[in-house]
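See below for the structure under consideration.
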Amino acid sequence: MRIYSKILCSFLFVFNSYAYSQNNQLSDSIKVNLLKEVTIKSKKVELSNIKKITKKELLKNQSTTLGDALSRTPGIQNSYFGPNSGAVVIRSLSGNRVRILNNGMSMNDLSGISPNLNVITDLDNVSEIDIHINDGNVLFGGRAIGGAVNIKDNTVPKEKAPKTLSGFVKAEGSTNLGYKQSFNFNGNIGKHWVWQAGGMNRYNDNIRIPGNTKASLAYDLKIDDLTSSMAQVHVEKEIIRNLTLYPYISQFVLDKMNDPKWGLSEADLYTFEERSFIDGVYVSNPKNSLYIAGQPANTPLSTTIVKGITDYATVKRGIMPNSHAKSHVLNFGTSYVGEKINFGVGFRRSYGYYGIPGFALRKLPGHTHTHGDGYTHVIEGESVYLPINTESESNSLIIQSEYKPNIKSIEAVRLNYTLQYSKDSELIGSYLANKFSTVRQNVRLEIDQKSFSLLKGLWGADILTQNIDGSGEQRYIPNNKSNEYGIFTLQQFTIKFLKLNAGYRHDIVQRRAMLTEGYKPGRGLAGGKLSDRNFNLNQFNTGVQLNVNKYIYLRGSYSHSERAPDINELYAGNNHFAIILEENGDDRLNKETSKTTEIEAGFNYKGIKFSITHYNTMLHDYLYLAHTGIARSGGFLVKEWRQSDTKLTGWESEMSYNGKINKNLNLHFGSYFDLVKNSNVSKDNLRDWAEGAYMPNMPTSRFGISGGIEYKKSELSITFDRYLEQRYLGKNINPEPPMPAYSLLAARLSHNIIFKNYKIEYFAAGTNLLNVEARPQNSFLKYLAPLPGINIALGLILNF
């Protein structure tokens with residue numbers, strides 16, 4: 001922290017000296033000037049269903065995770081594994097089905113292996129985020145079967161800086177989510193070289209919430225055994241049998257009661273059988289003197305009396321336990337920017353240490369005790385529940401290049417390379433449970449073909465290698481290697497009112513697991529054989545857009561996507577304490593296939609934009625982590641990876657208006673809604689019994705409205721989101737209970753000034769202003785932790 005502060009202070013000193021040496025005054029460029037919309041004809045293929053999140057939109061929200069930052073986009077929700085870990089959920093799909101990229105290159109994202117392994121992101125230094133919802137499979141492979149998120153930043157500068165030195169410094173503090181500082185500096189060196197450096201530091205202590213950290217269901221006397229495990233509570237209960245329903249007493253039990261090899265007790269005495277089979281002959285059972293004949297047929301055989309419900313570990317009302325977090329990101333790079341050749345290199349480091357609002361059982365180390373008489377003996381350590389923590393660090397070397405040859409058929413050639421070394425550790429308290437050391441290399445080639453006639457296109461190839469070595473006393477995945485090779489093309493044909501897209505990709509995916517000393521394979525369906533697997537995958541998408549007139553359009557698309565099972569789905573075994581489960585993979589699993597049809601209609605007229613989309617996705621051999629109905633000591637439910645067919649259907653719609661009233665006043669409004677159903681169409685009796693008609697833990701339907709006003713140098717924006725009670729409920733063996741509906745209100749007020757050549761923005765922002773208890777239905781921790789309570793942040797951004 002001290003080193004980080006010294007670096008920041010040094011940059012500020014250099015910048016301050018430079019700024020005051022300048023004679024020219026900056027013009028007032030903060031004033032709101034709404035420019036006319038200009039259409040730029042791109043030479044690249046324009047994909048049909050990309051949602052773009054601008055830097056301005058990212059700066060407005062007070063998000064701490066990538067999933068939260070994108071969660072107000074129709075079709076996109078946050079997985080919410082506590083306030084410090086949130087993956088992107090696209091139409092109910094996440095983890096191994098949503099590829100996270102940085103400037104088009106695959107990032108180390110282990111959220112599909114364990115949802116607590118968060119992608120540490122510096123959102124203040126992100127220039128734009130592209131969300132590929134139904135057409136990322138051709139560009140990025142089967143891991144994007146549900147979609148892809150491409151985070152664009154300036155680690156490797158792509159163009160000359162606007163001045164010799166420019167950038168920003170940002171600082172904010174809040175009432176509930178700690179504080180954050182960030183900065184970015186960039187500049188030019190000579191005629192062709194450009195450099196940049198940026199960073200972020202964030203910290204918060206345990207977060208306040210409006211009520212109990214656990215849902216009221218956790219303390220309901222009717223709570224079932226599986227739900228009590230997920231809610232991390234002990235239920236002390238007594239089962240009293242209704243002895244008046246049993247007409248007989250077992251003679252066999254009377255005779256064998258005192259024989260220890262039978263393990264019988266008084267609970268086994270009472271029976272409906274008239275005779276017992278003893279030593280080869282049937283004997284009559286004596287009558288039960290307590291028996292009462294003629295009772296109703298639905299009279300219960302037993303009554304359960306709950307004597308008490310206690311938490312695994314002590315929790316405090318109004319505080320989310322173990323919700324602390326600290327993280328930092330540092331990046332820098334330089335590029336040569338020429339007329340035909342661009343070449344640059346950059347480095348990015350991220351670090352995060354944060355808690356998960358849950359607890360895991362660990363046996364503490366024992367110790368040796370010596371008495372006064374010299375007698376020495378070993379005292380075993382006690383078993384206690386300790387908080388779950390995560391520590392993640394990642395270091396990336398990034399090389400990017402572009403060449404624009406002067407030939408007829410090729411517009412540009414891009415060759416990029418990323419080497420990433422990461423360590424992700426899961427801890428019980430301060431004890432290491434397991435650690436993943438990941439080395440990932442990605443090479444990507446893209447070739448833009450020159451437009452000719454009505455056709456333009458893109459060709460490319462990908463190579464991705466990933467080695468994961470594990471360590472720790474609770475490893476649940478063996479050491480493994482993955483290799484992925486892909487080639488692809490996208491083509492677009494355009495005439496006046498019609499646009500046709502088509503793309504194809506072929507991938508070869510190899511999975512290998514190594515049985516090393518100290519790792520014990522799991523007890524799943526495959527028996528822990530850890531077999532090598534090879535997959536050939538095909539991706540295809542096509543779309544058509546018809547411009548009815550200059551205001552109205554219709555769009556339709558179809559995509560076919562295939563995904564290879566990931567390493568946890570194939571090879572996981574043993575206790576996965578971070579999600580409080582025993583997780584078992586199956587190395588015989590097939591590839592997963594998705595077929596999606598989508599239709600959209602929309603219009604754009606004088607600042608008013610509207611669109612509505614309906615989609616239908618059939619997922620064959622859909623992979624899911626299934627309940628077995630078994631629970632082991634320590635509260636670990638036993639689950640295993642299985643496959644069966646699933647159908648996704650849904651609607652998405654959004655409307656916006658952005659209009660300039662006069663030269664000083666600008667208004668903008670927006671609204672959206674989305675709905676998704678993840679239905680069981682497998683006709684699988686085991687899935688019907690365990691998961692029900694719908695997949696459990698699915699995103700709920702919701703709608704939102706927003707509005708804002710910009711007047712001179714001030715801006716106010718307000719958002720309201722309503723999350724409805726889930727109607728499409730699955731099962732966790734027992735029926736899944738719906739979480740209550742809730743509403744989220746957020747606002748941001750900012751004002752800009754110019755002071756001594758600096759552009760300064762002051763802002764105040766608030767989230768969950770209604771201070772409601774909000775528990776997302778799709779969160780695996782919904783019984784353990786709600787969303788953070790009300791938070792008010794104050795800050796400033798200094799631009800130069």
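Letters A, B, ... mark the chains of the structure tokens in the order given; residue numbers begin at 1 per chain; ligand numbers begin at 1, in order shown.
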* To do: Give the helix (DSSP H, G or I) residues of stretch 101-207 of chain A, as assigned by DSSP on the backbone, as number ranges by chain.
  => A: 123-125, 137-140, 142-144
* To do: Quick one: everything within 12 Å of A:Pro521, counting only C-alpha atoms, minus sequence neighbours fewer than 3 positions away in the same chain. Send it as a PyMOL selection string.
  => chain A and resi 474-479+513-518+524-531+570-575+583-587
Emit the selected residues as a JSON list (two decimals), in the first residue's frame, including C-alpha atoms.
```json
[["chain", "number", "residue", "atom", "x", "y", "z"],
["A", 474, "GLN", "CA", -8.24, -29.99, 0.15],
["A", 475, "ARG", "CA", -7.51, -30.22, -3.57],
["A", 476, "TYR", "CA", -10.60, -31.08, -5.58],
["A", 477, "ILE", "CA", -9.06, -30.95, -9.09],
["A", 478, "PRO", "CA", -5.95, -32.85, -10.24],
["A", 479, "ASN", "CA", -3.12, -31.23, -12.18],
["A", 513, "ALA", "CA", -5.38, -34.82, -16.14],
["A", 514, "MET", "CA", -2.31, -36.06, -14.25],
["A", 515, "LEU", "CA", -2.56, -38.16, -11.11],
["A", 516, "THR", "CA", 0.23, -36.81, -8.91],
["A", 517, "GLU", "CA", 1.32, -37.71, -5.41],
["A", 518, "GLY", "CA", -0.97, -36.36, -2.72],
["A", 524, "GLY", "CA", -18.12, -39.92, -8.86],
["A", 525, "LEU", "CA", -19.74, -41.89, -11.65],
["A", 526, "ALA", "CA", -16.48, -42.31, -13.59],
["A", 527, "GLY", "CA", -14.65, -43.76, -10.63],
["A", 528, "GLY", "CA", -11.78, -41.26, -10.82],
["A", 529, "LYS", "CA", -10.07, -42.76, -13.89],
["A", 530, "LEU", "CA", -9.00, -39.29, -15.19],
["A", 531, "SER", "CA", -9.08, -40.41, -18.83],
["A", 570, "LEU", "CA", -14.52, -34.04, -16.23],
["A", 571, "TYR", "CA", -12.12, -34.48, -13.34],
["A", 572, "ALA", "CA", -13.33, -32.79, -10.12],
["A", 573, "GLY", "CA", -13.46, -34.88, -6.99],
["A", 574, "ASN", "CA", -13.58, -34.50, -3.20],
["A", 575, "ASN", "CA", -14.79, -31.65, -1.01],
["A", 583, "GLU", "CA", -18.07, -32.15, -6.24],
["A", 584, "ASN", "CA", -17.54, -35.13, -8.55],
["A", 585, "GLY", "CA", -16.76, -34.97, -12.27],
["A", 586, "ASP", "CA", -17.21, -37.62, -14.93],
["A", 587, "ASP", "CA", -14.54, -38.10, -17.62]]
```
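Nearest to A:Asn442 of all the residues A:Thr390, A:Asn102, A:Asn757, A:Ser289 is A:Asn102, counting only C-alpha atoms.
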Taking a cut-off of 10 Å and counting only C-alpha atoms, can you build a table that, for each residue of stretch 71-158 of chain A near stretch 663-685 of chain A, reports the nearest atom pair and how far apart they are in Å (one decimal), sorted by chain then residue number, as a Markdown table?
```
| residue | atom | partner | partner_atom | distance |
| --- | --- | --- | --- | --- |
| A:Arg72 | CA | A:Tyr672 | CA | 8.6 |
| A:Thr73 | CA | A:Tyr672 | CA | 8.1 |
| A:Pro74 | CA | A:Asp674 | CA | 5.7 |
| A:Gly75 | CA | A:Asp674 | CA | 5.9 |
| A:Ile76 | CA | A:Asp674 | CA | 8.8 |
| A:Ile90 | CA | A:Val676 | CA | 9.9 |
| A:Arg91 | CA | A:Val676 | CA | 6.3 |
| A:Ser92 | CA | A:Val676 | CA | 7.0 |
| A:Leu93 | CA | A:Asn678 | CA | 9.4 |
```
Stretch 344-398 of chain A: residues DSSP assigns to strand (DSSP E), reported as a CSV table (one decimal) with N, CA and C atoms, in the first residue's frame:
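Generated file (states20.csv):
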```csv
chain,number,residue,atom,x,y,z
A,344,GLY,N,3.1,-3.1,-30.1
A,344,GLY,CA,3.2,-2.6,-28.7
A,344,GLY,C,3.3,-3.8,-27.7
A,345,VAL,N,3.8,-3.4,-26.5
A,345,VAL,CA,4.0,-4.4,-25.5
A,345,VAL,C,3.5,-3.8,-24.2
A,346,GLY,N,2.8,-4.7,-23.3
A,346,GLY,CA,2.3,-4.2,-22.1
A,346,GLY,C,2.4,-5.2,-21.0
A,347,PHE,N,2.2,-4.7,-19.8
A,347,PHE,CA,2.2,-5.6,-18.6
A,347,PHE,C,1.0,-5.2,-17.7
A,348,ARG,N,0.3,-6.3,-17.2
A,348,ARG,CA,-0.8,-6.0,-16.3
A,348,ARG,C,-0.6,-6.9,-15.1
A,349,ARG,N,-0.8,-6.4,-13.9
A,349,ARG,CA,-0.8,-7.2,-12.6
A,349,ARG,C,-2.1,-6.9,-11.9
A,350,SER,N,-2.7,-7.9,-11.4
A,350,SER,CA,-3.9,-7.7,-10.5
A,350,SER,C,-3.8,-8.6,-9.3
A,351,TYR,N,-4.3,-8.1,-8.2
A,351,TYR,CA,-4.2,-8.8,-6.9
A,351,TYR,C,-5.5,-8.6,-6.1
A,352,GLY,N,-6.0,-9.6,-5.5
A,352,GLY,CA,-7.2,-9.5,-4.7
A,352,GLY,C,-7.2,-10.4,-3.5
A,353,TYR,N,-7.6,-10.0,-2.3
A,353,TYR,CA,-7.8,-10.8,-1.2
A,353,TYR,C,-9.1,-10.5,-0.6
A,354,TYR,N,-10.0,-11.4,-0.6
A,354,TYR,CA,-11.4,-11.1,-0.1
A,354,TYR,C,-12.1,-12.3,0.5
A,355,GLY,N,-13.1,-12.0,1.3
A,355,GLY,CA,-13.8,-13.0,2.0
A,355,GLY,C,-15.1,-13.4,1.3
A,356,ILE,N,-15.5,-14.6,1.5
A,356,ILE,CA,-16.8,-15.1,1.1
A,356,ILE,C,-17.7,-15.3,2.3
A,357,PRO,N,-18.9,-14.8,2.3
A,357,PRO,CA,-19.8,-14.9,3.5
A,357,PRO,C,-20.3,-16.3,3.8
A,358,GLY,N,-19.3,-17.2,4.1
A,358,GLY,CA,-19.7,-18.5,4.4
A,358,GLY,C,-18.5,-19.1,5.3
A,359,PHE,N,-18.8,-20.3,5.8
A,359,PHE,CA,-17.8,-20.9,6.7
A,359,PHE,C,-17.6,-22.4,6.3
A,360,ALA,N,-16.4,-22.9,6.6
A,360,ALA,CA,-16.1,-24.3,6.3
A,360,ALA,C,-15.4,-24.9,7.6
A,361,LEU,N,-15.7,-26.2,7.7
A,361,LEU,CA,-15.2,-26.9,8.9
A,361,LEU,C,-13.7,-27.3,8.7
A,362,ARG,N,-12.9,-27.0,9.7
A,362,ARG,CA,-11.5,-27.4,9.6
A,362,ARG,C,-11.0,-27.9,11.0
A,363,LYS,N,-10.3,-29.0,11.0
A,363,LYS,CA,-9.7,-29.5,12.2
A,363,LYS,C,-8.4,-28.8,12.4
A,367,HIS,N,-1.4,-30.4,19.4
A,367,HIS,CA,-0.2,-30.0,20.1
A,367,HIS,C,0.2,-31.1,21.1
A,368,THR,N,1.5,-31.0,21.5
A,368,THR,CA,2.0,-32.0,22.5
A,368,THR,C,2.0,-31.3,23.9
A,369,HIS,N,1.5,-32.1,24.9
A,369,HIS,CA,1.4,-31.5,26.2
A,369,HIS,C,2.2,-32.4,27.2
A,370,THR,N,3.0,-31.8,28.0
A,370,THR,CA,3.8,-32.5,29.0
A,370,THR,C,3.4,-32.2,30.4
A,376,THR,N,4.2,-37.2,28.6
A,376,THR,CA,3.9,-36.4,27.4
A,376,THR,C,2.8,-37.2,26.6
A,377,HIS,N,1.9,-36.4,26.1
A,377,HIS,CA,0.9,-37.0,25.2
A,377,HIS,C,0.4,-35.9,24.2
A,378,VAL,N,-0.2,-36.4,23.1
A,378,VAL,CA,-0.7,-35.5,22.1
A,378,VAL,C,-2.1,-35.2,22.3
A,379,ILE,N,-2.5,-33.9,22.2
A,379,ILE,CA,-3.8,-33.4,22.3
A,379,ILE,C,-4.3,-33.0,20.9
A,383,SER,N,-12.3,-29.4,15.9
A,383,SER,CA,-12.8,-29.0,14.6
A,383,SER,C,-13.7,-27.8,14.8
A,384,VAL,N,-13.4,-26.7,14.0
A,384,VAL,CA,-14.1,-25.5,14.1
A,384,VAL,C,-14.5,-25.0,12.7
A,385,TYR,N,-15.5,-24.2,12.7
A,385,TYR,CA,-15.9,-23.5,11.4
A,385,TYR,C,-15.2,-22.2,11.3
A,386,LEU,N,-14.5,-22.0,10.2
A,386,LEU,CA,-13.7,-20.8,10.0
A,386,LEU,C,-14.2,-20.2,8.7
A,387,PRO,N,-14.0,-18.8,8.5
A,387,PRO,CA,-14.4,-18.1,7.3
A,387,PRO,C,-13.7,-18.6,6.1
A,388,ILE,N,-14.4,-18.5,4.9
A,388,ILE,CA,-13.8,-18.8,3.6
A,388,ILE,C,-13.2,-17.6,3.0
A,389,ASN,N,-11.9,-17.6,2.6
A,389,ASN,CA,-11.3,-16.5,2.0
A,389,ASN,C,-10.7,-16.9,0.7
A,390,THR,N,-10.4,-15.9,-0.1
A,390,THR,CA,-9.8,-16.2,-1.5
A,390,THR,C,-8.7,-15.2,-1.7
A,391,GLU,N,-7.6,-15.6,-2.3
A,391,GLU,CA,-6.5,-14.8,-2.7
A,391,GLU,C,-6.2,-15.1,-4.1
A,392,SER,N,-6.2,-14.0,-4.9
A,392,SER,CA,-5.9,-14.2,-6.4
A,392,SER,C,-4.9,-13.2,-6.8
A,393,GLU,N,-4.0,-13.6,-7.6
A,393,GLU,CA,-3.0,-12.7,-8.3
A,393,GLU,C,-2.7,-13.2,-9.7
A,394,SER,N,-2.5,-12.2,-10.6
A,394,SER,CA,-2.3,-12.5,-12.0
A,394,SER,C,-1.3,-11.5,-12.6
A,395,ASN,N,-0.4,-12.1,-13.4
A,395,ASN,CA,0.6,-11.2,-14.1
A,395,ASN,C,0.5,-11.6,-15.6
A,396,SER,N,0.4,-10.6,-16.4
A,396,SER,CA,0.2,-10.8,-17.8
A,396,SER,C,1.2,-10.0,-18.6
A,397,LEU,N,1.8,-10.7,-19.6
A,397,LEU,CA,2.6,-10.0,-20.6
A,397,LEU,C,1.8,-10.0,-21.9
A,398,ILE,N,1.7,-8.8,-22.5
A,398,ILE,CA,0.8,-8.7,-23.7
A,398,ILE,C,1.6,-8.1,-24.8
```
* To do: Pick out the closest residue to A:Leu619 from this set: A:Gly766, A:Gly104, A:Gly146, A:Gly429. Count only C-alpha atoms.
  => A:Gly146
* Excluding stretch 59-68 of chain A and any residue of its chain fewer than 4 positions from it, enumerate the residues within 7 Å of it, using only C-alpha atoms, and give them as a list in words. => Lys55, Gln77, Asn78, Ser79, Asn84, Ser85, Gly86, Ala87, Val88, Thr121, Asp124 and Arg748 of chain A
* All residues 8 Å or closer to A:Arg642, only C-alpha atoms, same chain fewer than 6 positions away omitted, as a PyMOL selection string -> chain A and resi 586+589+623-626
* Could you please determine the separation between atom CA of A:Asn541 and atom CA of A:Leu70 in Å, to one decimal place? =>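 Between these atoms lies a distance of 24.5 Å.
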* Residue neighbourhood A:Gly142, 12 Å, only C-alpha atoms, exclusion window fewer than 3 positions, as an NGL selection string -> :A and (96-99 or 134-139 or 145-148 or 484-486 or 504-509 or 535-540 or 559-566 or 591-594)
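When only C-alpha atoms are used to compute distances to A:Lys158, the closest of the residues A:Gln643, A:Thr767, A:Gln196, A:Gln449 turns out to be A:Gln196.
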* **Of the listed residues A:Ser229, A:Ser284, A:Asn186, A:Asn697, that which approaches A:Tyr80 most closely, counting only C-alpha atoms** => A:Asn697
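Going from atom CA of A:Tyr421 over to atom CA of A:Gly470, you cover 13.7 Å.
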* Taking into account only C-alpha atoms, which residue in the set A:Leu581, A:Ile760, A:Ile599, A:Leu745 is nearest to A:Ser714? -> A:Ile760
* Asked: Taking only C-alpha atoms into account, which of A:Gly141, A:Pro696, A:Gly178, A:Gly294 comes nearest A:Tyr203?
  ->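 Distance minimum relative to A:Tyr203 lands on A:Gly178.
The interatomic distance for the pair atom CA of A:Asn778 and atom CA of A:Ala741 works out to 12.8 Å.
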* If we count only C-alpha atoms, what is near stretch 718-726 of chain A at a cut-off of 7 Å, once residues fewer than 5 positions away on the same chain are taken out, given as a PyMOL selection string? -> chain A and resi 700-708+738-748
* To do: Write out as a VMD selection string each polymer residue whose atoms come within 9 Å of A:Glu715, counting only C-alpha atoms; drop sequence neighbours fewer than 6 positions from it.
  => chain A and resid 708 to 709 748 to 752
Mind dumping the selected residues with N, CA and C atoms as an mmCIF file, in the first residue's frame?
```cif
data_model
loop_
_atom_site.group_PDB
_atom_site.id
_atom_site.type_symbol
_atom_site.label_atom_id
_atom_site.label_comp_id
_atom_site.auth_asym_id
_atom_site.auth_seq_id
_atom_site.Cartn_x
_atom_site.Cartn_y
_atom_site.Cartn_z
ATOM 1 N N GLY A 708 -32.237 10.868 -16.510
ATOM 2 C CA GLY A 708 -31.145 11.770 -16.180
ATOM 3 C C GLY A 708 -31.323 13.128 -16.821
ATOM 4 N N ILE A 709 -30.658 14.088 -16.230
ATOM 5 C CA ILE A 709 -30.690 15.457 -16.746
ATOM 6 C C ILE A 709 -29.284 16.023 -16.685
ATOM 7 N N ARG A 748 -26.815 9.218 -8.973
ATOM 8 C CA ARG A 748 -25.486 9.849 -9.037
ATOM 9 C C ARG A 748 -25.642 11.305 -9.428
ATOM 10 N N LEU A 749 -24.987 12.194 -8.693
ATOM 11 C CA LEU A 749 -24.993 13.627 -8.967
ATOM 12 C C LEU A 749 -23.549 14.076 -9.134
ATOM 13 N N SER A 750 -23.272 14.787 -10.235
ATOM 14 C CA SER A 750 -21.901 15.235 -10.490
ATOM 15 C C SER A 750 -21.899 16.688 -10.954
ATOM 16 N N HIS A 751 -20.753 17.335 -10.725
ATOM 17 C CA HIS A 751 -20.573 18.718 -11.168
ATOM 18 C C HIS A 751 -19.129 18.883 -11.630
ATOM 19 N N ASN A 752 -18.947 19.612 -12.739
ATOM 20 C CA ASN A 752 -17.627 19.789 -13.347
ATOM 21 C C ASN A 752 -17.187 21.239 -13.256
#
```
